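Peer 1: Got upload_18.txt for you, compact mmCIF, N, CA and C atoms and all ligand atoms:
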```txt
# COMPACT_ATOMS: atom_id res chain seq x y z
N MET O 1 36.93 -3.24 -20.36
CA MET O 1 35.98 -3.52 -19.26
C MET O 1 35.52 -2.21 -18.64
N LYS O 2 34.21 -1.97 -18.67
CA LYS O 2 33.69 -0.73 -18.06
C LYS O 2 33.44 -0.93 -16.57
N ARG O 3 33.31 0.20 -15.89
CA ARG O 3 33.02 0.17 -14.44
C ARG O 3 31.74 0.94 -14.18
N ILE O 4 30.82 0.29 -13.48
CA ILE O 4 29.51 0.88 -13.19
C ILE O 4 29.23 0.75 -11.70
N LEU O 5 28.62 1.80 -11.15
CA LEU O 5 28.18 1.77 -9.75
C LEU O 5 26.65 1.89 -9.72
N ILE O 6 26.01 0.99 -8.98
CA ILE O 6 24.57 1.09 -8.74
C ILE O 6 24.38 1.67 -7.33
N ILE O 7 23.59 2.75 -7.25
CA ILE O 7 23.25 3.34 -5.94
C ILE O 7 21.75 3.19 -5.72
N ASN O 8 21.37 2.57 -4.63
CA ASN O 8 19.97 2.49 -4.24
C ASN O 8 19.72 3.34 -3.00
N GLY O 9 18.61 4.05 -3.03
CA GLY O 9 18.24 4.93 -1.92
C GLY O 9 17.33 4.24 -0.92
N PRO O 10 16.55 5.04 -0.20
CA PRO O 10 15.81 4.55 0.97
C PRO O 10 14.80 3.46 0.64
N ASN O 11 14.74 2.51 1.56
CA ASN O 11 13.79 1.38 1.54
C ASN O 11 14.12 0.32 0.49
N LEU O 12 15.12 0.57 -0.33
CA LEU O 12 15.45 -0.40 -1.37
C LEU O 12 16.32 -1.53 -0.83
N ASN O 13 16.75 -1.42 0.43
CA ASN O 13 17.36 -2.56 1.12
C ASN O 13 16.31 -3.64 1.38
N LEU O 14 15.04 -3.29 1.27
CA LEU O 14 13.96 -4.25 1.54
C LEU O 14 13.40 -4.91 0.28
N LEU O 15 14.11 -4.77 -0.83
CA LEU O 15 13.64 -5.40 -2.07
C LEU O 15 13.52 -6.91 -1.85
N GLY O 16 12.41 -7.47 -2.34
CA GLY O 16 12.13 -8.89 -2.12
C GLY O 16 11.15 -9.10 -0.98
N VAL O 17 11.10 -8.11 -0.09
CA VAL O 17 10.22 -8.19 1.08
C VAL O 17 9.16 -7.10 1.01
N ARG O 18 9.59 -5.94 0.52
CA ARG O 18 8.77 -4.74 0.52
C ARG O 18 7.76 -4.76 -0.65
N GLU O 19 6.49 -4.60 -0.36
CA GLU O 19 5.44 -4.48 -1.37
C GLU O 19 5.76 -5.30 -2.64
N PRO O 20 5.79 -6.63 -2.52
CA PRO O 20 6.19 -7.46 -3.68
C PRO O 20 5.30 -7.27 -4.90
N GLY O 21 4.05 -6.86 -4.70
CA GLY O 21 3.16 -6.61 -5.83
C GLY O 21 3.66 -5.48 -6.71
N ILE O 22 4.44 -4.57 -6.13
CA ILE O 22 5.00 -3.44 -6.89
C ILE O 22 6.46 -3.71 -7.27
N TYR O 23 7.23 -4.23 -6.30
CA TYR O 23 8.69 -4.29 -6.50
C TYR O 23 9.22 -5.71 -6.74
N GLY O 24 8.32 -6.72 -6.72
CA GLY O 24 8.74 -8.09 -7.01
C GLY O 24 9.25 -8.82 -5.78
N ASN O 25 9.68 -10.04 -6.02
CA ASN O 25 10.06 -10.95 -4.92
C ASN O 25 11.56 -11.12 -4.77
N GLU O 26 12.32 -10.53 -5.67
CA GLU O 26 13.76 -10.80 -5.67
C GLU O 26 14.52 -9.77 -4.84
N SER O 27 15.47 -10.24 -4.06
CA SER O 27 16.32 -9.32 -3.30
C SER O 27 17.36 -8.72 -4.25
N MET O 28 17.90 -7.57 -3.85
CA MET O 28 18.94 -6.92 -4.66
C MET O 28 20.19 -7.79 -4.68
N THR O 29 20.49 -8.44 -3.57
CA THR O 29 21.69 -9.30 -3.52
C THR O 29 21.61 -10.39 -4.58
N SER O 30 20.44 -11.02 -4.67
CA SER O 30 20.26 -12.09 -5.64
C SER O 30 20.32 -11.53 -7.07
N TYR O 31 19.66 -10.39 -7.28
CA TYR O 31 19.65 -9.83 -8.64
C TYR O 31 21.04 -9.34 -9.06
N LEU O 32 21.80 -8.82 -8.09
CA LEU O 32 23.18 -8.39 -8.40
C LEU O 32 24.03 -9.57 -8.85
N ASP O 33 23.84 -10.73 -8.21
CA ASP O 33 24.57 -11.94 -8.64
C ASP O 33 24.27 -12.24 -10.10
N THR O 34 22.98 -12.18 -10.45
CA THR O 34 22.57 -12.45 -11.84
C THR O 34 23.23 -11.45 -12.80
N LEU O 35 23.18 -10.17 -12.41
CA LEU O 35 23.75 -9.13 -13.29
C LEU O 35 25.26 -9.31 -13.45
N ARG O 36 25.94 -9.59 -12.33
CA ARG O 36 27.41 -9.72 -12.38
C ARG O 36 27.81 -10.89 -13.28
N GLU O 37 27.02 -11.96 -13.21
CA GLU O 37 27.31 -13.13 -14.05
C GLU O 37 27.05 -12.79 -15.52
N LYS O 38 25.93 -12.12 -15.77
CA LYS O 38 25.54 -11.80 -17.16
C LYS O 38 26.55 -10.86 -17.83
N TYR O 39 27.07 -9.92 -17.06
CA TYR O 39 27.94 -8.88 -17.65
C TYR O 39 29.41 -9.09 -17.33
N ILE O 40 29.75 -10.33 -16.94
CA ILE O 40 31.11 -10.62 -16.47
C ILE O 40 32.19 -10.17 -17.47
N ASN O 41 31.89 -10.23 -18.76
CA ASN O 41 32.89 -9.84 -19.78
C ASN O 41 32.79 -8.38 -20.20
N TYR O 42 31.84 -7.65 -19.64
CA TYR O 42 31.57 -6.29 -20.13
C TYR O 42 31.82 -5.19 -19.09
N CYS O 43 31.48 -5.48 -17.83
CA CYS O 43 31.65 -4.43 -16.82
C CYS O 43 31.74 -5.02 -15.43
N THR O 44 32.33 -4.23 -14.54
CA THR O 44 32.25 -4.56 -13.12
C THR O 44 31.09 -3.77 -12.54
N LEU O 45 30.45 -4.32 -11.54
CA LEU O 45 29.29 -3.68 -10.92
C LEU O 45 29.53 -3.51 -9.44
N ASP O 46 29.70 -2.27 -8.99
CA ASP O 46 29.76 -2.00 -7.57
C ASP O 46 28.37 -1.59 -7.09
N TYR O 47 28.15 -1.74 -5.80
CA TYR O 47 26.81 -1.47 -5.26
C TYR O 47 26.90 -0.71 -3.95
N PHE O 48 26.01 0.29 -3.81
CA PHE O 48 25.92 1.06 -2.56
C PHE O 48 24.44 1.32 -2.28
N GLN O 49 24.04 1.10 -1.05
CA GLN O 49 22.66 1.44 -0.66
C GLN O 49 22.68 2.23 0.64
N SER O 50 21.83 3.25 0.71
CA SER O 50 21.68 3.96 1.97
C SER O 50 20.26 4.49 2.10
N ASN O 51 19.81 4.54 3.33
CA ASN O 51 18.50 5.14 3.63
C ASN O 51 18.63 6.62 3.96
N HIS O 52 19.87 7.16 3.84
CA HIS O 52 20.12 8.53 4.29
C HIS O 52 20.56 9.42 3.13
N GLU O 53 19.84 10.51 2.98
CA GLU O 53 20.08 11.44 1.87
C GLU O 53 21.54 11.90 1.81
N GLY O 54 22.09 12.30 2.96
CA GLY O 54 23.47 12.82 3.00
C GLY O 54 24.48 11.76 2.60
N ASP O 55 24.22 10.51 2.97
CA ASP O 55 25.15 9.43 2.60
C ASP O 55 25.17 9.22 1.08
N ILE O 56 24.01 9.37 0.46
CA ILE O 56 23.93 9.22 -1.00
C ILE O 56 24.71 10.38 -1.66
N ILE O 57 24.55 11.57 -1.12
CA ILE O 57 25.29 12.73 -1.64
C ILE O 57 26.79 12.54 -1.46
N ASP O 58 27.20 12.08 -0.27
CA ASP O 58 28.63 11.83 -0.02
C ASP O 58 29.18 10.82 -1.02
N LYS O 59 28.40 9.77 -1.30
CA LYS O 59 28.86 8.74 -2.24
C LYS O 59 29.01 9.33 -3.65
N LEU O 60 28.03 10.14 -4.06
CA LEU O 60 28.11 10.78 -5.39
C LEU O 60 29.36 11.64 -5.48
N HIS O 61 29.67 12.39 -4.42
CA HIS O 61 30.88 13.24 -4.41
C HIS O 61 32.14 12.38 -4.48
N GLN O 62 32.11 11.28 -3.72
CA GLN O 62 33.31 10.42 -3.60
C GLN O 62 33.68 9.78 -4.93
N VAL O 63 32.66 9.34 -5.69
CA VAL O 63 32.96 8.59 -6.92
C VAL O 63 32.79 9.43 -8.19
N GLY O 64 32.13 10.56 -8.05
CA GLY O 64 31.65 11.29 -9.23
C GLY O 64 32.70 12.00 -10.06
N PHE O 65 33.97 12.02 -9.56
CA PHE O 65 35.04 12.65 -10.33
C PHE O 65 36.08 11.63 -10.78
N ASP O 66 35.72 10.34 -10.62
CA ASP O 66 36.65 9.26 -10.96
C ASP O 66 36.60 9.00 -12.47
N PRO O 67 37.68 9.31 -13.18
CA PRO O 67 37.67 9.12 -14.63
C PRO O 67 37.56 7.65 -15.05
N GLN O 68 37.83 6.75 -14.09
CA GLN O 68 37.73 5.31 -14.40
C GLN O 68 36.30 4.78 -14.28
N LEU O 69 35.41 5.59 -13.69
CA LEU O 69 34.03 5.14 -13.51
C LEU O 69 33.19 5.59 -14.70
N ASP O 70 32.55 4.63 -15.38
CA ASP O 70 31.85 4.95 -16.64
C ASP O 70 30.43 5.45 -16.43
N GLY O 71 29.81 5.08 -15.33
CA GLY O 71 28.44 5.55 -15.12
C GLY O 71 27.89 5.11 -13.78
N ILE O 72 26.86 5.83 -13.35
CA ILE O 72 26.17 5.52 -12.10
C ILE O 72 24.70 5.27 -12.43
N ILE O 73 24.17 4.16 -11.92
CA ILE O 73 22.74 3.87 -12.02
C ILE O 73 22.16 4.24 -10.67
N LEU O 74 21.26 5.20 -10.64
CA LEU O 74 20.74 5.71 -9.37
C LEU O 74 19.24 5.49 -9.26
N ASN O 75 18.85 4.66 -8.29
CA ASN O 75 17.45 4.62 -7.89
C ASN O 75 17.38 5.33 -6.55
N ALA O 76 16.97 6.58 -6.58
CA ALA O 76 16.98 7.40 -5.37
C ALA O 76 15.74 7.17 -4.51
N GLY O 77 14.89 6.20 -4.89
CA GLY O 77 13.69 5.92 -4.10
C GLY O 77 12.87 7.19 -3.96
N ALA O 78 12.28 7.38 -2.80
CA ALA O 78 11.40 8.54 -2.59
C ALA O 78 12.15 9.87 -2.65
N TYR O 79 13.48 9.85 -2.45
CA TYR O 79 14.24 11.11 -2.58
C TYR O 79 14.17 11.66 -4.01
N THR O 80 13.86 10.77 -4.96
CA THR O 80 13.65 11.21 -6.34
C THR O 80 12.69 12.39 -6.41
N HIS O 81 11.66 12.30 -5.58
CA HIS O 81 10.55 13.24 -5.69
C HIS O 81 10.74 14.47 -4.79
N THR O 82 11.78 14.46 -3.97
CA THR O 82 11.91 15.54 -2.97
C THR O 82 13.27 16.23 -2.94
N SER O 83 14.32 15.58 -3.46
CA SER O 83 15.66 16.02 -3.08
C SER O 83 16.35 16.93 -4.09
N LEU O 84 16.25 18.22 -3.84
CA LEU O 84 17.04 19.18 -4.62
C LEU O 84 18.53 18.98 -4.33
N ALA O 85 18.83 18.53 -3.11
CA ALA O 85 20.23 18.33 -2.72
C ALA O 85 20.87 17.20 -3.54
N ILE O 86 20.15 16.11 -3.79
CA ILE O 86 20.70 15.04 -4.63
C ILE O 86 20.81 15.53 -6.07
N ALA O 87 19.83 16.29 -6.53
CA ALA O 87 19.90 16.86 -7.88
C ALA O 87 21.15 17.74 -8.01
N ASP O 88 21.42 18.56 -7.01
CA ASP O 88 22.61 19.43 -7.06
C ASP O 88 23.90 18.60 -7.09
N ALA O 89 23.91 17.50 -6.33
CA ALA O 89 25.11 16.63 -6.31
C ALA O 89 25.32 16.01 -7.69
N ILE O 90 24.24 15.59 -8.34
CA ILE O 90 24.38 15.01 -9.68
C ILE O 90 24.91 16.06 -10.66
N SER O 91 24.39 17.28 -10.53
CA SER O 91 24.87 18.38 -11.39
C SER O 91 26.35 18.65 -11.18
N ALA O 92 26.81 18.46 -9.94
CA ALA O 92 28.18 18.84 -9.58
C ALA O 92 29.22 17.88 -10.12
N ILE O 93 28.84 16.62 -10.36
CA ILE O 93 29.85 15.61 -10.68
C ILE O 93 29.99 15.42 -12.19
N ASN O 94 31.04 14.67 -12.57
CA ASN O 94 31.33 14.46 -13.99
C ASN O 94 30.77 13.15 -14.54
N VAL O 95 30.69 12.14 -13.68
CA VAL O 95 30.27 10.81 -14.15
C VAL O 95 28.77 10.86 -14.49
N PRO O 96 28.38 10.31 -15.67
CA PRO O 96 26.96 10.33 -16.03
C PRO O 96 26.11 9.46 -15.10
N VAL O 97 24.94 9.98 -14.78
CA VAL O 97 24.01 9.28 -13.89
C VAL O 97 22.74 8.93 -14.67
N ILE O 98 22.33 7.66 -14.57
CA ILE O 98 21.09 7.21 -15.18
C ILE O 98 20.07 7.03 -14.04
N GLU O 99 18.95 7.72 -14.13
CA GLU O 99 17.88 7.56 -13.13
C GLU O 99 17.08 6.30 -13.45
N VAL O 100 16.90 5.46 -12.44
CA VAL O 100 16.21 4.19 -12.65
C VAL O 100 15.12 4.01 -11.60
N HIS O 101 13.98 3.48 -12.05
CA HIS O 101 12.91 3.07 -11.13
C HIS O 101 12.40 1.70 -11.52
N ILE O 102 12.12 0.91 -10.52
CA ILE O 102 11.57 -0.43 -10.74
C ILE O 102 10.13 -0.31 -11.25
N SER O 103 9.35 0.52 -10.58
CA SER O 103 7.95 0.69 -10.96
C SER O 103 7.82 1.83 -11.97
N ASN O 104 6.68 1.84 -12.66
CA ASN O 104 6.39 2.96 -13.56
C ASN O 104 5.80 4.08 -12.70
N VAL O 105 6.67 4.99 -12.29
CA VAL O 105 6.25 6.04 -11.36
C VAL O 105 5.12 6.90 -11.95
N HIS O 106 5.03 6.95 -13.27
CA HIS O 106 4.01 7.78 -13.91
C HIS O 106 2.62 7.14 -13.88
N ALA O 107 2.59 5.85 -13.58
CA ALA O 107 1.31 5.15 -13.48
C ALA O 107 0.85 5.06 -12.02
N ARG O 108 1.59 5.71 -11.12
CA ARG O 108 1.28 5.64 -9.69
C ARG O 108 0.74 6.98 -9.18
N GLU O 109 0.78 7.20 -7.89
CA GLU O 109 0.20 8.42 -7.31
C GLU O 109 0.86 9.67 -7.91
N ASP O 110 0.07 10.76 -7.95
CA ASP O 110 0.56 12.02 -8.54
C ASP O 110 1.91 12.45 -7.96
N VAL O 111 2.10 12.24 -6.66
CA VAL O 111 3.31 12.72 -6.00
C VAL O 111 4.57 12.06 -6.59
N ARG O 112 4.38 10.89 -7.23
CA ARG O 112 5.53 10.20 -7.83
C ARG O 112 5.77 10.61 -9.29
N HIS O 113 4.90 11.46 -9.83
CA HIS O 113 5.05 11.82 -11.24
C HIS O 113 6.19 12.80 -11.47
N HIS O 114 6.51 13.56 -10.42
CA HIS O 114 7.58 14.56 -10.60
C HIS O 114 8.89 14.06 -10.00
N SER O 115 9.94 14.18 -10.80
CA SER O 115 11.27 13.82 -10.32
C SER O 115 12.11 15.08 -10.23
N MET O 116 12.77 15.26 -9.07
CA MET O 116 13.69 16.38 -8.90
C MET O 116 14.98 16.16 -9.67
N ILE O 117 15.26 14.88 -10.03
CA ILE O 117 16.58 14.58 -10.58
C ILE O 117 16.61 14.30 -12.08
N SER O 118 15.43 14.08 -12.70
CA SER O 118 15.43 13.69 -14.13
C SER O 118 16.19 14.69 -15.00
N GLY O 119 16.00 15.95 -14.72
CA GLY O 119 16.59 17.00 -15.56
C GLY O 119 18.10 17.07 -15.51
N VAL O 120 18.70 16.50 -14.48
CA VAL O 120 20.16 16.54 -14.36
C VAL O 120 20.79 15.16 -14.61
N CYS O 121 19.93 14.18 -14.91
CA CYS O 121 20.44 12.84 -15.23
C CYS O 121 20.62 12.70 -16.74
N HIS O 122 21.44 11.74 -17.14
CA HIS O 122 21.69 11.50 -18.55
C HIS O 122 20.44 10.94 -19.22
N GLY O 123 19.69 10.14 -18.50
CA GLY O 123 18.46 9.56 -19.02
C GLY O 123 17.69 8.90 -17.89
N VAL O 124 16.49 8.44 -18.22
CA VAL O 124 15.59 7.88 -17.20
C VAL O 124 15.03 6.55 -17.69
N ILE O 125 15.02 5.55 -16.81
CA ILE O 125 14.42 4.25 -17.12
C ILE O 125 13.47 3.92 -15.98
N ALA O 126 12.22 3.60 -16.30
CA ALA O 126 11.24 3.31 -15.24
C ALA O 126 10.23 2.29 -15.73
N GLY O 127 9.84 1.39 -14.82
CA GLY O 127 8.68 0.56 -15.08
C GLY O 127 8.95 -0.83 -15.58
N PHE O 128 10.20 -1.27 -15.59
CA PHE O 128 10.53 -2.59 -16.13
C PHE O 128 10.88 -3.59 -15.03
N GLY O 129 10.42 -3.33 -13.83
CA GLY O 129 10.77 -4.21 -12.72
C GLY O 129 12.28 -4.16 -12.48
N MET O 130 12.84 -5.25 -11.96
CA MET O 130 14.29 -5.27 -11.70
C MET O 130 15.08 -5.12 -12.99
N ASN O 131 14.46 -5.47 -14.12
CA ASN O 131 15.10 -5.27 -15.42
C ASN O 131 15.49 -3.82 -15.68
N SER O 132 14.87 -2.89 -14.97
CA SER O 132 15.24 -1.47 -15.14
C SER O 132 16.73 -1.28 -14.88
N TYR O 133 17.27 -2.02 -13.89
CA TYR O 133 18.71 -1.89 -13.59
C TYR O 133 19.54 -2.41 -14.77
N ARG O 134 19.08 -3.54 -15.35
CA ARG O 134 19.81 -4.12 -16.49
C ARG O 134 19.80 -3.15 -17.67
N LEU O 135 18.64 -2.52 -17.88
CA LEU O 135 18.55 -1.54 -18.97
C LEU O 135 19.45 -0.34 -18.70
N GLY O 136 19.62 0.00 -17.42
CA GLY O 136 20.56 1.06 -17.05
C GLY O 136 21.98 0.68 -17.42
N ILE O 137 22.33 -0.58 -17.18
CA ILE O 137 23.67 -1.05 -17.57
C ILE O 137 23.83 -0.95 -19.09
N GLU O 138 22.83 -1.42 -19.82
CA GLU O 138 22.89 -1.35 -21.29
C GLU O 138 23.08 0.10 -21.74
N ALA O 139 22.38 1.01 -21.08
CA ALA O 139 22.49 2.43 -21.44
C ALA O 139 23.93 2.93 -21.24
N ILE O 140 24.53 2.58 -20.12
CA ILE O 140 25.91 3.04 -19.84
C ILE O 140 26.90 2.37 -20.80
N LEU O 141 26.68 1.09 -21.09
CA LEU O 141 27.59 0.39 -22.02
C LEU O 141 27.53 1.01 -23.42
N SER O 142 26.41 1.62 -23.74
CA SER O 142 26.27 2.18 -25.09
C SER O 142 26.62 3.68 -25.15
N LEU O 143 27.07 4.24 -24.02
CA LEU O 143 27.42 5.68 -24.04
C LEU O 143 28.69 5.91 -24.86
C1 LIG A 201 10.97 3.73 -6.80
C2 LIG A 201 9.74 4.60 -6.98
C3 LIG A 201 9.66 5.65 -5.88
O1 LIG A 201 8.50 6.45 -6.05
C4 LIG A 201 9.58 4.98 -4.53
O2 LIG A 201 9.57 5.95 -3.50
C5 LIG A 201 10.65 3.98 -4.31
C6 LIG A 201 11.04 3.11 -5.42
C7 LIG A 201 11.03 2.59 -7.83
O3 LIG A 201 12.09 2.00 -7.97
O4 LIG A 201 10.00 2.26 -8.46
O5 LIG A 201 11.16 3.83 -3.21
O6 LIG A 201 12.13 4.54 -7.01
```
What is this file in structure tokens?
Ligand code: DQA
Peer 2:
Amino acid sequence: MKRILIINGPNLNLLGVREPGIYGNESMTSYLDTLREKYINYCTLDYFQSNHEGDIIDKLHQVGFDPQLDGIILNAGAYTHTSLAIADAISAINVPVIEVHISNVHAREDVRHHSMISGVCHGVIAGFGMNSYRLGIEAILSL
């Protein structure tokens, strides 16, 4: 049984409510139930969300040296495009991090085309709606 942590960054607590045309109608709580049921025999799924950059960094430090943790799925929200500090935290830890986005950031405004964290992540998944998280799980299970 593998262990996976999903970390969501700013504004992702509003999934299901926030810009449904881009991010869909489903809340993270509801989607997590679906994922936990689907992967019940394969992995445990922990979840952390914060709107604060430092809290995300603290969480990465806290879990990132745990040999029992197989991978982190990180949707850093808008910090993706701005945060050298989160990139440095990912570089510092041992647990592999998969960068995930619900929307196809490359099909959106120019400011979303650049990610500060892609280069230090194990891989990147974007544009599959909430399924992006599921594909992140598949990626970690296949590492
Ligand atoms: C996002 C894309 C980011 O550009 C945006 O700031 C988000 C969500 C996504 O999941 O598509 O908050 O990471």
Peer 1: Determine which residues of range 90-127 of chain O receive a DSSP assignment of helix (DSSP H, G or I), computed from the backbone, and state them as a list in words.
Peer 2: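 Taking range 90-127 of chain O and keeping helix (DSSP H, G or I) only, one gets Ile90, Ser91, Ala92, Val105, His106, Ala107, Asp110, Val111, Arg112, Ser118, Gly119 and Val120 of chain O.
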Peer 1: Create the file for the chosen residues now, containing N, CA and C atoms and written as an mmCIF file, in the coordinates of the input.
Peer 2:
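Here's the written file selection-v4.cif:
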```cif
data_model
loop_
_atom_site.group_PDB
_atom_site.id
_atom_site.type_symbol
_atom_site.label_atom_id
_atom_site.label_comp_id
_atom_site.auth_asym_id
_atom_site.auth_seq_id
_atom_site.Cartn_x
_atom_site.Cartn_y
_atom_site.Cartn_z
ATOM 1 N N ILE O 90 24.240 15.590 -8.340
ATOM 2 C CA ILE O 90 24.380 15.010 -9.680
ATOM 3 C C ILE O 90 24.910 16.060 -10.660
ATOM 4 N N SER O 91 24.390 17.280 -10.530
ATOM 5 C CA SER O 91 24.870 18.380 -11.390
ATOM 6 C C SER O 91 26.350 18.650 -11.180
ATOM 7 N N ALA O 92 26.810 18.460 -9.940
ATOM 8 C CA ALA O 92 28.180 18.840 -9.580
ATOM 9 C C ALA O 92 29.220 17.880 -10.120
ATOM 10 N N VAL O 105 6.670 4.990 -12.290
ATOM 11 C CA VAL O 105 6.250 6.040 -11.360
ATOM 12 C C VAL O 105 5.120 6.900 -11.950
ATOM 13 N N HIS O 106 5.030 6.950 -13.270
ATOM 14 C CA HIS O 106 4.010 7.780 -13.910
ATOM 15 C C HIS O 106 2.620 7.140 -13.880
ATOM 16 N N ALA O 107 2.590 5.850 -13.580
ATOM 17 C CA ALA O 107 1.310 5.150 -13.480
ATOM 18 C C ALA O 107 0.850 5.060 -12.020
ATOM 19 N N ASP O 110 0.070 10.760 -7.950
ATOM 20 C CA ASP O 110 0.560 12.020 -8.540
ATOM 21 C C ASP O 110 1.910 12.450 -7.960
ATOM 22 N N VAL O 111 2.100 12.240 -6.660
ATOM 23 C CA VAL O 111 3.310 12.720 -6.000
ATOM 24 C C VAL O 111 4.570 12.060 -6.590
ATOM 25 N N ARG O 112 4.380 10.890 -7.230
ATOM 26 C CA ARG O 112 5.530 10.200 -7.830
ATOM 27 C C ARG O 112 5.770 10.610 -9.290
ATOM 28 N N SER O 118 15.430 14.080 -12.700
ATOM 29 C CA SER O 118 15.430 13.690 -14.130
ATOM 30 C C SER O 118 16.190 14.690 -15.000
ATOM 31 N N GLY O 119 16.000 15.950 -14.720
ATOM 32 C CA GLY O 119 16.590 17.000 -15.560
ATOM 33 C C GLY O 119 18.100 17.070 -15.510
ATOM 34 N N VAL O 120 18.700 16.500 -14.480
ATOM 35 C CA VAL O 120 20.160 16.540 -14.360
ATOM 36 C C VAL O 120 20.790 15.160 -14.610
#
```
Peer 1: Against ligand LIG 201 (chain A), which residues of chain O fall within 5 Å? For each one I want the closest pair of atoms and the distance in Å (one decimal), counting only N, CA and C atoms and all ligand atoms, rows by chain and increasing residue number, as JSON lines.
Peer 2:
```
{"residue": "O:Gly77", "atom": "CA", "partner": "A:LIG201", "partner_atom": "O5", "distance": 3.4}
{"residue": "O:Ala78", "atom": "N", "partner": "A:LIG201", "partner_atom": "O2", "distance": 3.1}
{"residue": "O:His101", "atom": "CA", "partner": "A:LIG201", "partner_atom": "O3", "distance": 3.4}
{"residue": "O:Ile102", "atom": "N", "partner": "A:LIG201", "partner_atom": "O3", "distance": 2.8}
{"residue": "O:Ser103", "atom": "N", "partner": "A:LIG201", "partner_atom": "O4", "distance": 2.8}
```
Peer 1: Show me, as a list in words, the residues that have an atom within 7 Å of Ile93 in chain O when counting only N, CA and C atoms, minus same-chain residues fewer than 4 positions from it.
Peer 2: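 Once the nearby chain positions are removed, what remains is Leu60, His61, Gly64, Phe65, Asp88 and Ala89 of chain O.
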Peer 1: Among the residues of range 20-119 of chain O, find those DSSP assigns to strand (DSSP E or B) from the backbone and print them as a PyMOL selection string.
Peer 2: chain O and resi 43-49+71-75+97-101
Peer 1: Which centre and edge lengths in Å to one decimal define the box along x, y and z that fits every listed atom of range 44-58 of chain O plus 3 Å per side, as lines of an AutoDock Vina configuration file?
Peer 2:
```
center_x = 25.4
center_y = 4.1
center_z = -5.1
size_x = 19.8
size_y = 23.4
size_z = 24.8
```
Peer 1: Could you list as a PDB file with N, CA and C atoms, in the frame of the given file every residue that has an atom within 7 Å of (11.1, -9.4, -10.3), using the file's coordinates and counting only C-alpha atoms?
Peer 2:
```
ATOM      1  N   TYR O  23       7.230  -4.230  -6.300  1.00  0.00           N
ATOM      2  CA  TYR O  23       8.690  -4.290  -6.500  1.00  0.00           C
ATOM      3  C   TYR O  23       9.220  -5.710  -6.740  1.00  0.00           C
ATOM      4  N   GLY O  24       8.320  -6.720  -6.720  1.00  0.00           N
ATOM      5  CA  GLY O  24       8.740  -8.090  -7.010  1.00  0.00           C
ATOM      6  C   GLY O  24       9.250  -8.820  -5.780  1.00  0.00           C
ATOM      7  N   ASN O  25       9.680 -10.040  -6.020  1.00  0.00           N
ATOM      8  CA  ASN O  25      10.060 -10.950  -4.920  1.00  0.00           C
ATOM      9  C   ASN O  25      11.560 -11.120  -4.770  1.00  0.00           C
ATOM     10  N   GLU O  26      12.320 -10.530  -5.670  1.00  0.00           N
ATOM     11  CA  GLU O  26      13.760 -10.800  -5.670  1.00  0.00           C
ATOM     12  C   GLU O  26      14.520  -9.770  -4.840  1.00  0.00           C
ATOM     13  N   GLY O 129      10.420  -3.330 -13.830  1.00  0.00           N
ATOM     14  CA  GLY O 129      10.770  -4.210 -12.720  1.00  0.00           C
ATOM     15  C   GLY O 129      12.280  -4.160 -12.480  1.00  0.00           C
ATOM     16  N   MET O 130      12.840  -5.250 -11.960  1.00  0.00           N
ATOM     17  CA  MET O 130      14.290  -5.270 -11.700  1.00  0.00           C
ATOM     18  C   MET O 130      15.080  -5.120 -12.990  1.00  0.00           C
TER      19      MET O 130
END
```
Peer 1: Between CA of Pro96 in chain O and atom N of Leu69 in chain O, what distance in Å does the model show, to one decimal?
Peer 2: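 Here the two named atoms are 10.0 Å from each other.
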Peer 1: How many Å separate atom C of Lys2 in chain O from atom C of Gln68 in chain O?
Peer 2: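 A separation of 6.8 Å between them.
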Peer 1: Using only C-alpha atoms, find all polymer residues with an atom at most 7 Å away from the point (29.8, -1.3, -13.6); report them as number ranges by chain.
Peer 2: O: 2-5, 43-46
Peer 1: For Ile72 in chain O, list every protein, DNA or RNA residue within 8 Å, evaluated using only N, CA and C atoms, and leave out those in the same chain fewer than 6 positions away; present the list as a CSV table (one decimal) with N, CA and C atoms, in the coordinates of the input.
Peer 2:
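Written output follows (part_6.csv):
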```csv
chain,number,residue,atom,x,y,z
O,3,ARG,N,33.3,0.2,-15.9
O,3,ARG,CA,33.0,0.2,-14.4
O,3,ARG,C,31.7,0.9,-14.2
O,4,ILE,N,30.8,0.3,-13.5
O,4,ILE,CA,29.5,0.9,-13.2
O,4,ILE,C,29.2,0.8,-11.7
O,5,LEU,N,28.6,1.8,-11.2
O,5,LEU,CA,28.2,1.8,-9.8
O,5,LEU,C,26.6,1.9,-9.7
O,6,ILE,N,26.0,1.0,-9.0
O,6,ILE,CA,24.6,1.1,-8.7
O,6,ILE,C,24.4,1.7,-7.3
O,7,ILE,N,23.6,2.8,-7.2
O,7,ILE,CA,23.2,3.3,-5.9
O,7,ILE,C,21.8,3.2,-5.7
O,95,VAL,N,30.7,12.1,-13.7
O,95,VAL,CA,30.3,10.8,-14.2
O,95,VAL,C,28.8,10.9,-14.5
O,96,PRO,N,28.4,10.3,-15.7
O,96,PRO,CA,27.0,10.3,-16.0
O,96,PRO,C,26.1,9.5,-15.1
O,97,VAL,N,24.9,10.0,-14.8
O,97,VAL,CA,24.0,9.3,-13.9
O,97,VAL,C,22.7,8.9,-14.7
O,98,ILE,N,22.3,7.7,-14.6
O,98,ILE,CA,21.1,7.2,-15.2
O,98,ILE,C,20.1,7.0,-14.0
O,99,GLU,N,19.0,7.7,-14.1
O,99,GLU,CA,17.9,7.6,-13.1
O,99,GLU,C,17.1,6.3,-13.4
O,100,VAL,N,16.9,5.5,-12.4
O,100,VAL,CA,16.2,4.2,-12.6
O,100,VAL,C,15.1,4.0,-11.6
O,136,GLY,N,19.6,0.0,-17.4
O,136,GLY,CA,20.6,1.1,-17.0
O,136,GLY,C,22.0,0.7,-17.4
O,137,ILE,N,22.3,-0.6,-17.2
O,137,ILE,CA,23.7,-1.0,-17.6
O,137,ILE,C,23.8,-1.0,-19.1
O,140,ILE,N,24.5,2.6,-20.1
O,140,ILE,CA,25.9,3.0,-19.8
O,140,ILE,C,26.9,2.4,-20.8
```
